[in-house]
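Student: My structure is below; once you've seen it, I'll send some questions.
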Amino acid sequence: MARLFEYQGKEFLKDAGIAIPTGEVASTAKEASEVAARIGKPVAVKAQVWVGGRGKAGGVKLADTPEEAKKAAKAILGMEIKGLPVRKVLVEEKLDIEKEYYVGIIPDGSWESTCPVLMFSTEGGMEIEAVPEDKIFRAKVDYLKGFPFYDALDMASSAGIPNELLKGMAGVISKLVAVFKKRDCNILEINPLVVTKEGKVIAGDCRMSIDDSSTFRHPEMGITIPREFPWEPTDFDLVGWGIEETDLRGSGFVMKMTLDETSPGFIGFHAIGGGAAMIGMDALSRVGLKPANFADTSGNPVGSKIYRVAKVVLAQPNIEGYMLAGFLIANQEQWHHAHAIVKVLREELPKRPGFPCVLLLAGNKEEESLQILREGLEGLPGRIEIYGSEHVEDSDFIGNRMVALVEEYRKEKGR
Ligand code: GDP
Ligand code: MN
C-alpha cells in the first residue's frame, strides 16, 4: 500500500470539501517561518513522516510567532521519529480544539463484510486500537453507492453527537467515503477530527494509503514506487524498483531494510523466494547479524535480472558480507542464479579482497548449478563457501558460517 504524507492527504480532503487548516509544507526552518508569517496566526508545526504517534514523539509543536515556528521547525527537522529522519514539516494554522473525534475507513476482507468498513468514534486523538470497542461505531460501505448523507447522519446521531454538530460531522463522514473511492484508498483516516471552540469541524490529521495497483491512475500523487514503504524510497530502492519495472520475467524484489549505514553487522541479503527469505533472516538474526536489505529473486527470473539484483545488493557501502539464502528447494532452473552470481562476484570481489560470501543454492539442476559456482568462483580473492540441498534446512549452520567469515574479515581489516 503506497502511502501519502499528511499534507498530501489533506489536499485531497480539501478537494472533496472537507475543511482543513490553512497551511503549507516546508523543508527548512526558514521556509517554515515564512509560511507562519503568511498565515499570520499561531501555527502548529508537524513532522511529515510515515508513522503515527508523532505527537507523543515530540513531532508536533505549537508556535505563536514566525520566530517560534522557525525554532520548532529546526528542532523537528533534526529529529528522527521511530527511526525515520524528518525531511519536511507541515506548518498550519493552530486549531483551538474543543474536542477530538475519530473517523476512518479500511477494507474488511472477512467473509461477513468483504467491503470497506467505516469507523467513527467520539474518542479521537489516540490510536483507534486503544479506543474501547463500545466507543467505536461501525458501518459497512456499499462501494458503488458510497455513504449517503442520511446514513452519515444516522451514524453521527447514534454516536451521540450534539444536534448543532450533526450536519457538519455527517458531511465529513459522507465526503470521506467519497475520497476513499475517488483516490482508490486502502486506508483513509482523520484522527483527530477536530471540533473547534467556534464549533467548526476540521480535519486535524490525515493518514492515507492507496491500492498499489491503482497508482497509475493517480499521477497527482507522485508515487515513485507502488509498494508499502516504511520511509520515502531511497536511491537504492528506486534503482531496485527499476529492475522490477523494466523486466517482468520472474520477480526481482529489492529494497532497503534500514537507513543505518554506519553500524556494523549488516549483510547484503539475497533470498530465493519468500519462505527462504524468512528462514535466511532468522539465520542472520540468531547470530547477531542483520539484513541491510531485502531481496528476492524467484518465480524463475532470467540470469540478467538476478545479476542486476545481486549487483545492487552488493553496492551497499556498509555490508560486511553477502548471503545467498536459497533455503528452499526452488522449483526453477538454478543455473540462472549460478551464472548471475558468478558474473557479479567476479566483478565485485577483486574490489574487496577477503569479503565473506555464503552461497546456498538448491533446486532444479542443482548439481550443475553448484558446479558452475565452484568453477566460476575458483581463485577469487573472497571467503566463499558454497552449499546445496544437504544444508537447505540448516539455518543454524548457514548463520554460523556467515558470522564466522564476518569475524575473520573484521580481524583482517583490524576492526
Ligand atoms: P499523530 O500523533 O502522528 O497522529 O499526529 P496528529 O496530527 O494527530 O497530532 C497529535 C496531537 O497533537 C493531536 O491529537 C492534537 O491533540 C495535537 N494537535 C495537532 N495539531 C494541533 C493544533 O493545531 N492545535 C492544537 N491545540 N493541538 C494540535
Ligand atoms: Mn493523528
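Letters A, B, ... go to the chains of the C-alpha cells in the order shown; residues in each chain start at 1; ligands are counted from 1 in the same order.
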Give me, as a PDB file with N, CA and C atoms, in the first residue's frame, all polymer residues having an atom no more than 10 Å from Ala16 of chain A, counting only C-alpha atoms and skipping those fewer than 6 positions away in the same chain.

Tutor:
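Generated file (result.pdb):
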ATOM      1  N   LYS A  10      -4.326  15.705   3.058  1.00  0.00           N
ATOM      2  CA  LYS A  10      -5.214  16.822   3.403  1.00  0.00           C
ATOM      3  C   LYS A  10      -5.667  17.589   2.167  1.00  0.00           C
ATOM      4  N   VAL A 172     -18.714  15.473   6.804  1.00  0.00           N
ATOM      5  CA  VAL A 172     -17.333  14.981   6.713  1.00  0.00           C
ATOM      6  C   VAL A 172     -17.326  13.461   6.491  1.00  0.00           C
ATOM      7  N   LYS A 175     -18.399  12.645   2.933  1.00  0.00           N
ATOM      8  CA  LYS A 175     -17.375  13.060   1.953  1.00  0.00           C
ATOM      9  C   LYS A 175     -16.114  12.196   2.050  1.00  0.00           C
ATOM     10  N   LEU A 176     -15.798  11.747   3.258  1.00  0.00           N
ATOM     11  CA  LEU A 176     -14.602  10.917   3.429  1.00  0.00           C
ATOM     12  C   LEU A 176     -14.728   9.624   2.616  1.00  0.00           C
ATOM     13  N   ALA A 178     -16.385   9.314  -0.083  1.00  0.00           N
ATOM     14  CA  ALA A 178     -16.216   9.688  -1.490  1.00  0.00           C
ATOM     15  C   ALA A 178     -14.728   9.801  -1.843  1.00  0.00           C
ATOM     16  N   VAL A 179     -13.939  10.368  -0.921  1.00  0.00           N
ATOM     17  CA  VAL A 179     -12.495  10.481  -1.162  1.00  0.00           C
ATOM     18  C   VAL A 179     -11.884   9.082  -1.232  1.00  0.00           C
ATOM     19  N   LYS A 182     -12.714   7.772  -4.707  1.00  0.00           N
ATOM     20  CA  LYS A 182     -12.115   8.520  -5.812  1.00  0.00           C
ATOM     21  C   LYS A 182     -10.600   8.318  -5.877  1.00  0.00           C
TER      22      LYS A 182
END

Student: Set out as CSV a contact list for segment 248-295 of chain A and segment 229-235 of chain A with a cut-off of 10 Å, giving each residue of segment 248-295 of chain A that qualifies its closest atom pair and distance in Å to one decimal, counting only C-alpha atoms, ordered by chain and rising residue number.

Tutor:
residue,atom,partner,partner_atom,distance
A:Met255,CA,A:Pro233,CA,8.5
A:Lys256,CA,A:Thr234,CA,7.8
A:Met257,CA,A:Pro230,CA,9.0
A:Thr258,CA,A:Pro230,CA,9.5
A:Leu259,CA,A:Thr234,CA,8.7

Student: Can you tell me which residues surround segment 275-292 of chain A at a distance of at most 9 Å, considering only C-alpha atoms, apart from same-chain residues fewer than 4 positions away, and format the answer as a count of residues only?

Tutor: 35

Student: For a quick check of understanding, using only C-alpha atoms and all ligand atoms, which of A:Ile225, A:Ile161, A:Val194, A:Ala29 has the smallest distance to ligand 1?

Tutor: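 Using only C-alpha atoms and all ligand atoms, the shortest distance to ligand 1 belongs to A:Val194.
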
Student: Quick one: contact table of chain A to ligand 1, 6 Å max, nearest atom pair and distance in Å to one decimal per residue, counting only C-alpha atoms and all ligand atoms, chain and number order, as CSV?

Tutor:
residue,atom,partner,partner_atom_place_in_ligand_line,distance
A:Ala44,CA,ligand 1,23 (O),4.9
A:Gly52,CA,ligand 1,3 (O),3.9
A:Gly53,CA,ligand 1,2 (O),3.7
A:Arg54,CA,ligand 1,3 (O),3.6
A:Gly55,CA,ligand 1,2 (O),3.7
A:Val60,CA,ligand 1,12 (O),5.9
A:Lys94,CA,ligand 1,23 (O),3.5
A:Leu95,CA,ligand 1,23 (O),3.9
A:Asp96,CA,ligand 1,26 (N),5.4
A:Ile97,CA,ligand 1,26 (N),5.4
A:Gly125,CA,ligand 1,14 (O),3.8
A:Asn191,CA,ligand 1,8 (O),5.4
A:Pro192,CA,ligand 1,14 (O),5.4
A:Gly204,CA,ligand 1,7 (O),5.9
A:Asp205,CA,ligand 1,7 (O),4.4

Student: Could you list the protein, DNA and RNA residues that have any atom within 12 Å of ligand 2, counting only C-alpha atoms and all ligand atoms, and write them as a PyMOL selection string?

Tutor: chain A and resi 5-6+46-57+59-60+100-104+124-128+188-194+203-208

Student: Please run DSSP on the backbone and report, as an MDAnalysis selection string, all residues within segment 169-250 of chain A that come out as strand (DSSP E or B).

Tutor: chainID A and resid 185:196 201:203 207:210

Student: With N, CA and C atoms retained, export the selected residues as a PDB file, in the first residue's frame.

Tutor:
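Wrote it out as out_23.pdb, contents follow:
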ATOM      1  N   CYS A 185      -8.304   4.408  -2.149  1.00  0.00           N
ATOM      2  CA  CYS A 185      -7.601   4.239  -0.865  1.00  0.00           C
ATOM      3  C   CYS A 185      -7.701   2.818  -0.340  1.00  0.00           C
ATOM      4  N   ASN A 186      -6.716   2.497   0.483  1.00  0.00           N
ATOM      5  CA  ASN A 186      -6.740   1.272   1.266  1.00  0.00           C
ATOM      6  C   ASN A 186      -6.928   1.601   2.733  1.00  0.00           C
ATOM      7  N   ILE A 187      -6.442   2.771   3.106  1.00  0.00           N
ATOM      8  CA  ILE A 187      -6.680   3.307   4.451  1.00  0.00           C
ATOM      9  C   ILE A 187      -6.927   4.787   4.269  1.00  0.00           C
ATOM     10  N   LEU A 188      -7.945   5.278   4.948  1.00  0.00           N
ATOM     11  CA  LEU A 188      -8.143   6.727   4.974  1.00  0.00           C
ATOM     12  C   LEU A 188      -8.681   7.061   6.355  1.00  0.00           C
ATOM     13  N   GLU A 189      -7.941   7.912   7.049  1.00  0.00           N
ATOM     14  CA  GLU A 189      -8.250   8.124   8.455  1.00  0.00           C
ATOM     15  C   GLU A 189      -8.050   9.593   8.811  1.00  0.00           C
ATOM     16  N   ILE A 190      -9.010  10.157   9.517  1.00  0.00           N
ATOM     17  CA  ILE A 190      -8.824  11.502  10.088  1.00  0.00           C
ATOM     18  C   ILE A 190      -8.832  11.333  11.607  1.00  0.00           C
ATOM     19  N   ASN A 191      -7.665  11.577  12.218  1.00  0.00           N
ATOM     20  CA  ASN A 191      -7.537  11.380  13.669  1.00  0.00           C
ATOM     21  C   ASN A 191      -6.497  12.339  14.235  1.00  0.00           C
ATOM     22  N   PRO A 192      -6.872  13.415  14.828  1.00  0.00           N
ATOM     23  CA  PRO A 192      -8.242  13.732  15.236  1.00  0.00           C
ATOM     24  C   PRO A 192      -9.031  14.487  14.173  1.00  0.00           C
ATOM     25  N   LEU A 193     -10.335  14.214  14.174  1.00  0.00           N
ATOM     26  CA  LEU A 193     -11.271  15.104  13.505  1.00  0.00           C
ATOM     27  C   LEU A 193     -11.649  16.107  14.587  1.00  0.00           C
ATOM     28  N   VAL A 194     -11.317  17.355  14.346  1.00  0.00           N
ATOM     29  CA  VAL A 194     -11.386  18.353  15.422  1.00  0.00           C
ATOM     30  C   VAL A 194     -12.670  19.154  15.351  1.00  0.00           C
ATOM     31  N   VAL A 195     -13.310  19.331  16.506  1.00  0.00           N
ATOM     32  CA  VAL A 195     -14.345  20.357  16.623  1.00  0.00           C
ATOM     33  C   VAL A 195     -13.702  21.512  17.376  1.00  0.00           C
ATOM     34  N   THR A 196     -13.701  22.694  16.726  1.00  0.00           N
ATOM     35  CA  THR A 196     -13.019  23.842  17.328  1.00  0.00           C
ATOM     36  C   THR A 196     -13.941  24.544  18.332  1.00  0.00           C
ATOM     37  N   VAL A 201     -15.962  21.936  12.186  1.00  0.00           N
ATOM     38  CA  VAL A 201     -15.423  20.569  12.100  1.00  0.00           C
ATOM     39  C   VAL A 201     -14.272  20.571  11.089  1.00  0.00           C
ATOM     40  N   ILE A 202     -13.060  20.271  11.558  1.00  0.00           N
ATOM     41  CA  ILE A 202     -11.863  20.394  10.712  1.00  0.00           C
ATOM     42  C   ILE A 202     -10.984  19.145  10.849  1.00  0.00           C
ATOM     43  N   ALA A 203     -10.435  18.700   9.722  1.00  0.00           N
ATOM     44  CA  ALA A 203      -9.535  17.537   9.747  1.00  0.00           C
ATOM     45  C   ALA A 203      -8.201  17.950  10.355  1.00  0.00           C
ATOM     46  N   ARG A 207      -4.327  10.311   7.458  1.00  0.00           N
ATOM     47  CA  ARG A 207      -3.493   9.168   7.104  1.00  0.00           C
ATOM     48  C   ARG A 207      -4.129   8.511   5.885  1.00  0.00           C
ATOM     49  N   MET A 208      -3.343   8.351   4.852  1.00  0.00           N
ATOM     50  CA  MET A 208      -3.897   7.838   3.597  1.00  0.00           C
ATOM     51  C   MET A 208      -2.914   6.892   2.923  1.00  0.00           C
ATOM     52  N   SER A 209      -3.396   5.691   2.558  1.00  0.00           N
ATOM     53  CA  SER A 209      -2.614   4.756   1.751  1.00  0.00           C
ATOM     54  C   SER A 209      -3.475   4.377   0.569  1.00  0.00           C
ATOM     55  N   ILE A 210      -2.853   4.153  -0.576  1.00  0.00           N
ATOM     56  CA  ILE A 210      -3.689   3.774  -1.706  1.00  0.00           C
ATOM     57  C   ILE A 210      -3.282   2.403  -2.245  1.00  0.00           C
TER      58      ILE A 210
END

Student: I want to know what sits within 7 Å of Pro381 of chain A, based on only C-alpha atoms, with residues of the same chain fewer than 2 positions away left out; could you give that as a ChimeraX atom specification?

Tutor: /A:349-350,353-354,379

Student: Within 8 Å of segment 147-154 of chain A, counting only C-alpha atoms, which residues qualify if same-chain residues fewer than 5 places away don't, as a list in words?

Tutor: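 The contact residues come out as Val141, Asp142, Leu166, Lys167, Met169, Ala170, Gly171, Ile173, Ser174, Val177 and Ala178 of chain A.
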
Student: From a DSSP calculation on the backbone, collect every residue of segment 131-248 of chain A in alpha helix (DSSP H) and output the set as JSON, numbers by chain.

Tutor: {"A": [149, 150, 151, 152, 153, 154, 155, 156, 157, 158, 163, 164, 165, 166, 167, 168, 169, 170, 171, 172, 173, 174, 175, 176, 177, 178, 179, 180, 181, 182, 235, 236, 237, 238, 239, 240, 241, 242, 243, 244, 245, 246]}

Student: Can you list, as a list in words, every protein, DNA or RNA residue that comes within 7 Å of Ile384 of chain A when you count only C-alpha atoms, leaving out same-chain residues fewer than 6 positions away?

Tutor: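 Within the cut-off, the hits are Pro356, Cys357 and Val358 of chain A.
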
Student: Please, could you write that set of residues out with N, CA, C and O atoms as a compact mmCIF listing (two decimals), in the first residue's frame?

Tutor:
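part.txt, freshly written:
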# COMPACT_ATOMS: atom_id res chain seq x y z
N PRO A 356 33.32 -11.85 2.78
CA PRO A 356 32.61 -13.10 3.05
C PRO A 356 31.36 -13.30 2.19
O PRO A 356 30.53 -12.40 2.11
N CYS A 357 31.27 -14.47 1.57
CA CYS A 357 30.09 -14.81 0.77
C CYS A 357 29.65 -16.22 1.13
O CYS A 357 30.42 -17.17 0.93
N VAL A 358 28.45 -16.37 1.63
CA VAL A 358 27.91 -17.71 1.87
C VAL A 358 26.79 -17.93 0.86
O VAL A 358 25.82 -17.17 0.82

Student: Hey, what's within 8 Å of Ala338 of chain A if we count only C-alpha atoms and toss same-chain stuff fewer than 5 positions away? As a list in words, please?

Tutor: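 Neighbouring residues, sequence-local ones excluded: Ser369, Leu370, Ile372 and Leu373 of chain A.
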